[in-house]
Amino acid sequence: MTLVASDVRRPGEPLVANTRPPRSIPSHPGKAAKGQNREFGRWLLESGLYSLTLGYASPRSFFAVAPDSWPGDPATGQRLLMGEFLARGSAGAVAPESDDPPWCRAGAPALWVDALNGFGWLRDLRDCADPGAATLAVRLVDDWSSREGRWSAVTWKREVLAERIVSWIRHYDWLAASADPGFSARFVFSLARQRTHLRRALRTGLIGHEAVAALKALIFVDLAFLRDGKHFEKSLEQTLVRLAKFVKRYVLHDGIVAERAPHLQLAVLRHLIDVRSALGSAERRAPAEIVAAIDRMAPLLRFFRHGDGGLALFNGAWESDRTLVDLVLARSGSSESAPTMALASGFQRLAAGTSLVIADAGSPPGRGMDGIAHAGTLSFEMSAAHERLIVNCGTFPGAPRDWRHFMRYTAAHSTAVVDDTNSSEITDHGALEYRAGNVVVDRADNEGAQWLDMMHDGYRSLYGIIHRRRLWLSADGGDLRGEDTFVGHDGRMVTVPDKRFIVRFHLHPAVKATLAQSGQAVLMRLPSGRGWRLRASGAGIGLAESIYLGEEGRVRRTEQIVLVGQVPMEGSTVKWALTRMEG
């Protein structure tokens, strides 16, 4: 049986979309009251009275904390010198003291505005080696301070505020060297006001990676003002204790962050390294919990790297900057190699010869940590040497909103989908419901060959179907065998039979695929010229369109191999083999 794209994708249907309507979500009777409270709170924050409270007891001294040593992008800095800021795939004019201030520009992409107000681009200007770069940076800092001194929902957003505080502090020496004598006083006054609001904002709602970034910013600013009295010493100690307790819960025992996302593994590890560095510059020791978290996280970051040095695409990740990953790992101080499994989170890693397989064999992130989580349970990625072969579709900040949503679907992952339905429900508000919560994995090694036996119950409540996936990688890495089984719970009959399943293998855009052997196999050619072949039994095999968002700023078309069949009452099994072609 030979299938083409039209056999797999209904007319008008997105390339990897889930067509089933969402399962019902209970309404919240207090939603209207909460909305009213938010509106009142926003009115209060925007009022002149609140603005006055931010300027109370401004500090008189400042200590530059751990000058920024992360590399910037000189090309981005040069464009900014010419009046254009490029971020998250969008560009816009930036001119200090103009009649069109960019900080809250109407119609500008939200991520672009966030990046501009975060001031992370200071390192881009610093590294562009232009004598006018520091002067422009000072003018932009002053322009922001004069225009945005009062709270706004855009420019004082908590995560943006945290990034800006750290960026200002770490670039103070560079800025002050090119500024007028009054710059320091203006700088400290604005920074102190931002600190006051950040401290208040951190009293509630701290979750996930954003909590680490915000607490880091408060530590930085308290260290900067430490010489100005015991008030900042007390605040610093409280924040360090709070971060230590949070990290101890948030970084799981296996070293992965609670969102189970490789790109957040990189970001949070970098934040903690920055905190350790800042404390060291002030001749203070980092709490033991933070040091231990860094030591646990570094091997797990290595765990998620493919042969090309980029990250695997699970739970909203993209490949990321390989040079940055190298630098973060080097600065972590950990030389521990990547483990074969992450017990707390369920991820598994098979490596043999030049082949690497990374599989998601764990439950999706828990409540509160699932805002960007993907319904990709039992999906896997595979690379051969430095080339990616089988991938998930991935996503990146700044990608079109609809695509970011579609990329969370089970169909956007290299795993099996039953009846075009996600294995975990993705709700309208972004969280997961009816998740594949009972995920079981068993692992074995035999004379260099490696086995994974995985199972999840995400389709049990709807159809009485359990998805079981078995993977076997040969000792030389040249043969990956798989078996996908759809059966009833505890060996019983499937309660809702004759549902269509599709086992998907999304291909990296660099891979060229063709049907062969009268439609009974697919041949894949990598850029290096190496070839792989996929054969299957128990389902029809074909090629369909797919999409790849694994590279920041690029939406690329690619292909996917699809194995299609029906699940009868007695269940169904699909066997497939992915084999390296010699010569």
# chains A, B, ... in the order shown; residues from 1 in each chain; ligands from 1
>>> residues_around(residues="region 64-68 of chain A", least_positions_apart="3", cutoff="6 Å", atoms="only C-alpha atoms", output="list in words")
Arg170, Ala224, Ala278 and Ser281 of chain A
>>> residues_around(residues="Phe232 (chain A)", least_positions_apart="4", cutoff="6 Å", atoms="only C-alpha atoms", output="MDAnalysis selection string")
chainID A and resid 222 226 236
>>> closest_atom_pairs(of="region 306-423 of chain A", to="region 83-87 of chain A", cutoff="12 Å", atoms="only C-alpha atoms", output="CSV")
residue,atom,partner,partner_atom,distance
A:Pro397,CA,A:Ala87,CA,9.9
A:Gly398,CA,A:Ala87,CA,8.6
A:Ala399,CA,A:Ala87,CA,11.9
>>> write_last_selection(atoms="C-alpha atoms", output="compact mmCIF listing (two decimals), in the first residue's frame")
# COMPACT_ATOMS: atom_id res chain seq x y z
CA PRO A 397 10.04 32.23 20.34
CA GLY A 398 8.68 34.51 17.68
CA ALA A 399 7.23 31.73 15.55
>>> closest_residue(among="A:Trp103, A:Phe62, A:Tyr172, A:Phe505", to="Phe380 (chain A)", atoms="only C-alpha atoms")
A:Phe505
>>> closest_residue(among="A:Arg260, A:Arg164, A:Lys499, A:Arg404", to="Asp419 (chain A)", atoms="only C-alpha atoms")
A:Lys499
>>> select_by_dssp(residues="region 479-551 of chain A", states="strand (DSSP E)", output="JSON, numbers by chain")
{"A": [479, 480, 481, 482, 483, 484, 485, 486, 487, 499, 500, 501, 502, 503, 504, 505, 506, 507, 512, 513, 514, 515, 516, 521, 522, 523, 524, 525, 531, 532, 533, 534, 535, 536, 537, 540, 541, 542, 543, 544, 545, 546, 547, 548]}
>>> residues_around(residues="Ser383 (chain A)", least_positions_apart="5", cutoff="7 Å", atoms="only C-alpha atoms", output="PyMOL selection string")
chain A and resi 306-307+355-357+388-390
>>> write_last_selection(atoms="N, CA and C atoms", output="tab-separated table (two decimals), in the first residue's frame")
chain	number	residue	atom	x	y	z
A	306	HIS	N	22.36	16.69	20.65
A	306	HIS	CA	22.55	15.76	19.54
A	306	HIS	C	24.00	15.81	19.05
A	307	GLY	N	24.29	15.00	18.04
A	307	GLY	CA	25.65	14.95	17.51
A	307	GLY	C	26.11	16.26	16.90
A	355	SER	N	25.34	6.62	16.31
A	355	SER	CA	23.90	6.87	16.41
A	355	SER	C	23.51	7.26	17.83
A	356	LEU	N	22.55	8.18	17.91
A	356	LEU	CA	22.04	8.64	19.19
A	356	LEU	C	20.53	8.75	19.11
A	357	VAL	N	19.84	8.16	20.08
A	357	VAL	CA	18.39	8.22	20.18
A	357	VAL	C	18.03	8.81	21.54
A	388	ARG	N	21.14	15.30	12.00
A	388	ARG	CA	19.85	14.88	12.54
A	388	ARG	C	19.08	14.12	11.47
A	389	LEU	N	18.41	13.06	11.91
A	389	LEU	CA	17.63	12.23	10.99
A	389	LEU	C	16.14	12.31	11.34
A	390	ILE	N	15.75	11.76	12.49
A	390	ILE	CA	14.37	11.80	12.97
A	390	ILE	C	14.26	12.91	14.02
>>> residues_around(residues="Ala385 (chain A)", least_positions_apart="5", cutoff="12 Å", atoms="only C-alpha atoms", output="MDAnalysis selection string")
chainID A and resid 305:309 351:357 477:478 526:528 530
>>> closest_residue(among="A:Pro96, A:Pro71, A:Pro400, A:Gly482", to="Arg139 (chain A)", atoms="only C-alpha atoms")
A:Pro96
>>> closest_residue(among="A:Gly394, A:Pro262, A:Gly488, A:Gly571", to="Leu507 (chain A)", atoms="only C-alpha atoms")
A:Gly394
>>> select_by_dssp(residues="region 212-365 of chain A", states="alpha helix (DSSP H)", output="number ranges by chain")
A: 212-224, 230-250, 262-281, 288-303, 322-332
>>> residues_around(residues="Ala137 (chain A)", least_positions_apart="5", cutoff="8 Å", atoms="only C-alpha atoms", output="list of chain:residue names")
A:Leu122, A:Leu125, A:Leu175
>>> closest_residue(among="A:Gly553, A:Gly333, A:Gly255, A:Gly92", to="Phe304 (chain A)", atoms="only C-alpha atoms")
A:Gly255
>>> atom_distance(atom1="CA of Gly366 (chain A)", atom2="CA of Thr415 (chain A)")
21.0 Å
>>> closest_residue(among="A:Asp274, A:Glu289, A:Glu283, A:Glu97", to="Phe246 (chain A)", atoms="only C-alpha atoms")
A:Glu289
